[in-house]
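Colleague: Before anything else, here's the structure in question.
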Amino acid sequence: MMVYRRLLSSYGKQHWWPGDSPFEVMVGAVLTQNTAWSNVERAILALKKADVLDAQSIVNMTSKRLAGLIRPSGYFNIKAKRLKYFCLWYLEQGGHASLERWENRRLRRSMLAVHGVGPETADDMLLYAFNRPVFVIDAYTRRIFVRLGLIVADEGYEAMRAMFEAVLGPDTVIYNEYHALLVKHGKDVCRPAPRCAHCCLVTHCPTGQSSKK
DNA sequence: ACCCAGGGTCATA
DNA sequence: TATGACCATGGG
């Protein structure tokens, strides 16, 4: 796809997902829900320094303590519970070595059944922790392709994923790089539209949202 | 002081 | 099924 080539030549390889192990990638996928990655890094660093970045430690520890450790990532009470649910599932299924033998669909369904793991989080894990050819759709992907006029605004998650996967064919390497490039482009260039378009055009906004005073 | 960020769940209608 | 409320920190 042309969009992919142009992004790649503009930005170069992104080397995703940042993380030292598949498990760390999965933890990061939960922690980064609606959250800036820089905040997630602090949380993961705190887990490492406390030497608890493994499923067993997280399951054993109280939600209270876990919430304190991941505090910088935001939504810490909710995410502490989500991490515990996820790690419990992870252990029950026999860990990474066991999960690695599962087929894509079964693995995805099983992940989605974990409380706190939605489509994007599951697909992050599938692509970046298990190297499965699953295309990740996120807010950046949607925004960029809406702006390009290539999709309509209310296109659903599964419809978009199916579209990308059909066009690109099953290719883990391309999916990996493409998603990372879309995030990069979304952050740097394809910024969100202003809330009040009027404020971009005039100095005195009738809605009063331009904070003068 | 606002807005935003690599979402997901839950309660309503 | 389709909206809205809620979760919470750190950076611009």
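Identifiers in the structure tokens: chain A, B, ... in order shown; residue index from 1 per chain; ligand index from 1 in order shown.
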Can you tell me which residues surround C:DC6 at a distance of at most 12 Å, considering only C-alpha atoms (C1' of nucleotides), apart from same-chain residues fewer than 5 positions away, and format the answer as a ChimeraX atom specification?
Modeller: /A:75,78 /B:8-11
Colleague: Write the residues you've just listed into a file as a short mmCIF file (atom, residue, chain, number, x, y, z; two decimals), in the first residue's frame, and include N, CA and C atoms (P, O5', C5', C4', C3', O3' and C1' of nucleotides) for each of them.
Modeller:
data_model
loop_
_atom_site.label_atom_id
_atom_site.label_comp_id
_atom_site.auth_asym_id
_atom_site.auth_seq_id
_atom_site.Cartn_x
_atom_site.Cartn_y
_atom_site.Cartn_z
N TYR A 75 -5.29 5.72 35.74
CA TYR A 75 -6.34 4.70 35.95
C TYR A 75 -5.78 3.55 36.78
N ILE A 78 -8.11 0.71 38.37
CA ILE A 78 -8.70 -0.16 37.36
C ILE A 78 -7.64 -1.05 36.70
P DG B 8 -9.44 -1.93 23.97
"O5'" DG B 8 -10.32 -1.83 25.29
"C5'" DG B 8 -9.69 -2.09 26.52
"C4'" DG B 8 -10.71 -2.11 27.64
"C3'" DG B 8 -11.99 -2.88 27.27
"O3'" DG B 8 -12.19 -3.87 28.26
"C1'" DG B 8 -12.51 -0.69 28.08
P DT B 9 -13.53 -4.77 28.26
"O5'" DT B 9 -14.46 -4.02 29.35
"C5'" DT B 9 -13.91 -3.75 30.61
"C4'" DT B 9 -14.91 -3.01 31.47
"C3'" DT B 9 -16.28 -3.67 31.53
"O3'" DT B 9 -16.62 -3.79 32.90
"C1'" DT B 9 -16.50 -1.37 31.00
P DC B 10 -17.89 -4.65 33.34
"O5'" DC B 10 -18.96 -3.51 33.67
"C5'" DC B 10 -18.60 -2.42 34.51
"C4'" DC B 10 -19.68 -1.36 34.46
"C3'" DC B 10 -21.11 -1.92 34.43
"O3'" DC B 10 -21.83 -1.46 35.57
"C1'" DC B 10 -20.79 -0.23 32.78
P DA B 11 -23.33 -1.90 35.78
"O5'" DA B 11 -24.14 -0.57 35.45
"C5'" DA B 11 -23.71 0.66 36.01
"C4'" DA B 11 -24.53 1.82 35.46
"C3'" DA B 11 -26.04 1.59 35.49
"O3'" DA B 11 -26.65 2.80 35.88
"C1'" DA B 11 -25.35 1.98 33.26
#
Colleague: Output the contact residues of chain A with respect to chain B at a cut-off of 12 Å, based on only C-alpha atoms (C1' of nucleotides), as a ChimeraX atom specification.
Modeller: /A:16-18,28-40,73-75,78-79,82,112,114-124,136-141,179-184,186-187,191-196,209-213
Colleague: May I have the residues from that selection written out with C-alpha atoms, as a tab-separated table (two decimals), in the first residue's frame?
Modeller:
chain	number	residue	atom	x	y	z
A	16	TRP	CA	8.30	-1.76	17.95
A	17	TRP	CA	7.16	-2.88	20.49
A	18	PRO	CA	9.50	-1.34	23.09
A	28	GLY	CA	2.50	-2.55	28.54
A	29	ALA	CA	-0.50	-3.21	26.31
A	30	VAL	CA	-2.81	-3.06	29.31
A	31	LEU	CA	-1.09	-0.09	30.92
A	32	THR	CA	-1.09	2.01	27.77
A	33	GLN	CA	-4.87	1.99	27.40
A	34	ASN	CA	-5.79	5.60	26.67
A	35	THR	CA	-2.49	6.69	28.19
A	36	ALA	CA	0.71	8.31	26.94
A	37	TRP	CA	3.54	5.80	26.59
A	38	SER	CA	5.96	7.92	28.63
A	39	ASN	CA	3.72	7.33	31.64
A	40	VAL	CA	3.65	3.61	31.00
A	73	SER	CA	0.28	5.12	34.12
A	74	GLY	CA	-3.06	6.55	35.22
A	75	TYR	CA	-6.34	4.70	35.95
A	78	ILE	CA	-8.70	-0.16	37.36
A	79	LYS	CA	-5.49	-1.20	35.67
A	82	ARG	CA	-7.01	-5.66	34.89
A	112	LEU	CA	-10.94	-11.05	24.76
A	114	VAL	CA	-10.28	-11.55	30.05
A	115	HIS	CA	-11.85	-8.64	31.87
A	116	GLY	CA	-10.14	-5.44	30.78
A	117	VAL	CA	-8.72	-6.80	27.54
A	118	GLY	CA	-10.55	-5.35	24.55
A	119	PRO	CA	-9.90	-5.67	20.80
A	120	GLU	CA	-6.95	-3.31	20.58
A	121	THR	CA	-5.20	-4.61	23.67
A	122	ALA	CA	-5.64	-8.20	22.50
A	123	ASP	CA	-4.34	-7.36	19.04
A	124	ASP	CA	-1.33	-5.51	20.47
A	136	VAL	CA	-3.96	-3.36	15.17
A	137	ILE	CA	-6.52	-0.59	14.78
A	138	ASP	CA	-6.34	2.38	17.09
A	139	ALA	CA	-7.46	6.00	17.29
A	140	TYR	CA	-4.51	7.15	15.17
A	141	THR	CA	-5.24	4.64	12.42
A	179	HIS	CA	0.94	0.29	13.04
A	180	ALA	CA	4.04	1.81	14.61
A	181	LEU	CA	4.35	4.25	11.71
A	182	LEU	CA	0.70	5.27	11.99
A	183	VAL	CA	1.20	6.06	15.66
A	184	LYS	CA	4.30	8.09	14.84
A	186	GLY	CA	-0.53	10.56	14.30
A	187	LYS	CA	1.56	12.00	17.10
A	191	ARG	CA	-3.01	15.97	15.21
A	192	PRO	CA	-6.58	15.86	16.54
A	193	ALA	CA	-8.97	18.49	15.27
A	194	PRO	CA	-9.57	21.38	17.66
A	195	ARG	CA	-12.72	21.19	19.73
A	196	CYS	CA	-13.89	24.55	18.55
A	209	GLN	CA	-13.54	28.95	24.74
A	210	SER	CA	-10.54	31.01	23.87
A	211	SER	CA	-9.28	31.83	27.31
A	212	LYS	CA	-8.65	35.53	27.21
A	213	LYS	CA	-8.47	36.98	30.61
Colleague: Show me a table, sorted first by chain and then by increasing residue number, of the residues of chain C having an atom at most 9 Å from chain A, each with its shortest atom pair and the distance in Å to one decimal, counting only C-alpha atoms (C1' of nucleotides) and written as CSV.
Modeller:
residue,atom,partner,partner_atom,distance
C:DC7,C1',A:Tyr75,CA,5.2
C:DA8,C1',A:Gly74,CA,4.6
C:DT9,C1',A:Gly74,CA,4.3
C:DG10,C1',A:Asn39,CA,6.7
Colleague: To one decimal place in Å, what is the distance between atom CA of A:Ile58 and atom CA of A:Arg132?
Modeller: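 These atoms are spaced 25.6 Å apart.
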Colleague: Run DSSP on the backbone and grab whatever in stretch 8-177 of chain A lands in alpha helix (DSSP H); send it over as a short mmCIF file (atom, residue, chain, number, x, y, z; two decimals) with C-alpha atoms, in the first residue's frame.
Modeller:
data_model
loop_
_atom_site.label_atom_id
_atom_site.label_comp_id
_atom_site.auth_asym_id
_atom_site.auth_seq_id
_atom_site.Cartn_x
_atom_site.Cartn_y
_atom_site.Cartn_z
CA LEU A 8 8.26 4.24 6.00
CA SER A 9 10.37 6.47 3.79
CA SER A 10 9.47 9.54 5.87
CA TYR A 11 10.05 8.11 9.31
CA PRO A 22 6.77 -10.77 25.42
CA PHE A 23 5.34 -10.59 28.93
CA GLU A 24 6.52 -7.02 29.33
CA VAL A 25 4.87 -6.20 26.01
CA MET A 26 1.58 -7.61 27.27
CA VAL A 27 1.75 -5.69 30.53
CA GLY A 28 2.50 -2.55 28.54
CA ALA A 29 -0.50 -3.21 26.31
CA VAL A 30 -2.81 -3.06 29.31
CA LEU A 31 -1.09 -0.09 30.92
CA TRP A 37 3.54 5.80 26.59
CA SER A 38 5.96 7.92 28.63
CA ASN A 39 3.72 7.33 31.64
CA VAL A 40 3.65 3.61 31.00
CA GLU A 41 7.46 3.51 30.99
CA ARG A 42 7.57 4.85 34.53
CA ALA A 43 5.08 2.24 35.67
CA ILE A 44 6.99 -0.62 34.06
CA LEU A 45 10.24 0.69 35.49
CA ALA A 46 8.66 0.69 38.95
CA LEU A 47 7.59 -2.93 38.49
CA LYS A 48 11.11 -3.86 37.42
CA LYS A 49 12.74 -2.07 40.33
CA ALA A 55 2.71 -13.04 36.32
CA GLN A 56 3.15 -14.89 39.61
CA SER A 57 4.31 -11.84 41.54
CA ILE A 58 1.49 -9.73 40.18
CA VAL A 59 -1.14 -12.32 41.03
CA ASN A 60 0.23 -12.72 44.54
CA SER A 63 -4.24 -4.72 44.25
CA LYS A 64 -3.37 -1.91 46.60
CA ARG A 65 0.36 -2.39 46.25
CA LEU A 66 0.14 -3.02 42.53
CA ALA A 67 -1.88 0.16 42.05
CA GLY A 68 0.79 2.08 43.91
CA LEU A 69 3.52 0.74 41.64
CA PHE A 76 -4.18 2.79 38.41
CA ASN A 77 -6.97 1.20 40.43
CA ILE A 78 -8.70 -0.16 37.36
CA LYS A 79 -5.49 -1.20 35.67
CA ALA A 80 -4.24 -2.99 38.78
CA LYS A 81 -7.32 -5.20 38.65
CA ARG A 82 -7.01 -5.66 34.89
CA LEU A 83 -3.39 -6.71 35.24
CA LYS A 84 -4.30 -9.22 37.91
CA TYR A 85 -7.11 -10.68 35.83
CA PHE A 86 -4.75 -10.91 32.89
CA CYS A 87 -1.92 -12.53 34.84
CA LEU A 88 -4.31 -15.01 36.39
CA TRP A 89 -5.45 -16.00 32.90
CA TYR A 90 -1.85 -16.14 31.73
CA LEU A 91 -0.88 -18.56 34.48
CA GLU A 92 -4.02 -20.66 34.13
CA GLY A 95 2.22 -19.24 30.32
CA HIS A 96 3.75 -18.10 27.08
CA ALA A 97 5.15 -21.42 25.95
CA SER A 98 1.71 -22.99 26.11
CA LEU A 99 -0.14 -20.04 24.57
CA ASN A 104 -4.77 -17.16 16.23
CA ARG A 105 -8.55 -17.18 16.53
CA ARG A 106 -8.62 -19.26 19.67
CA LEU A 107 -5.90 -17.19 21.29
CA ARG A 108 -7.68 -13.96 20.39
CA ARG A 109 -11.04 -15.17 21.69
CA SER A 110 -9.46 -16.31 24.92
CA MET A 111 -7.73 -12.96 25.42
CA LEU A 112 -10.94 -11.05 24.76
CA PRO A 119 -9.90 -5.67 20.80
CA GLU A 120 -6.95 -3.31 20.58
CA THR A 121 -5.20 -4.61 23.67
CA ALA A 122 -5.64 -8.20 22.50
CA ASP A 123 -4.34 -7.36 19.04
CA ASP A 124 -1.33 -5.51 20.47
CA MET A 125 -0.49 -8.68 22.35
CA LEU A 126 -1.13 -10.96 19.39
CA LEU A 127 1.03 -8.93 17.04
CA TYR A 128 3.80 -7.70 19.28
CA ALA A 139 -7.46 6.00 17.29
CA TYR A 140 -4.51 7.15 15.17
CA THR A 141 -5.24 4.64 12.42
CA ARG A 142 -8.86 5.71 12.30
CA ARG A 143 -8.08 9.42 12.34
CA ILE A 144 -5.47 9.23 9.60
CA PHE A 145 -7.60 7.18 7.24
CA VAL A 146 -10.67 9.30 7.85
CA ARG A 147 -8.63 12.40 7.00
CA TYR A 157 -13.06 -2.01 14.68
CA GLU A 158 -13.54 -5.43 13.12
CA ALA A 159 -14.48 -3.99 9.76
CA MET A 160 -11.32 -1.92 9.65
CA ARG A 161 -9.13 -4.77 10.77
CA ALA A 162 -10.63 -7.04 8.14
CA MET A 163 -10.04 -4.40 5.50
CA PHE A 164 -6.36 -3.92 6.31
CA GLU A 165 -5.72 -7.63 6.61
CA ALA A 166 -7.44 -8.34 3.30
CA VAL A 167 -5.50 -5.63 1.46
CA LEU A 168 -2.10 -6.37 2.95
CA THR A 172 3.50 -9.93 10.58
CA VAL A 173 6.49 -7.78 9.68
CA ILE A 174 4.42 -5.29 7.67
CA TYR A 175 1.67 -5.14 10.32
CA ASN A 176 4.25 -4.51 13.02
CA GLU A 177 5.89 -1.64 11.18
#
Colleague: In Å to one decimal, how far is atom CA of A:Asn131 from atom CA of A:Leu53?
Modeller: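 Rounded to one decimal, the two atoms are 21.0 Å apart.
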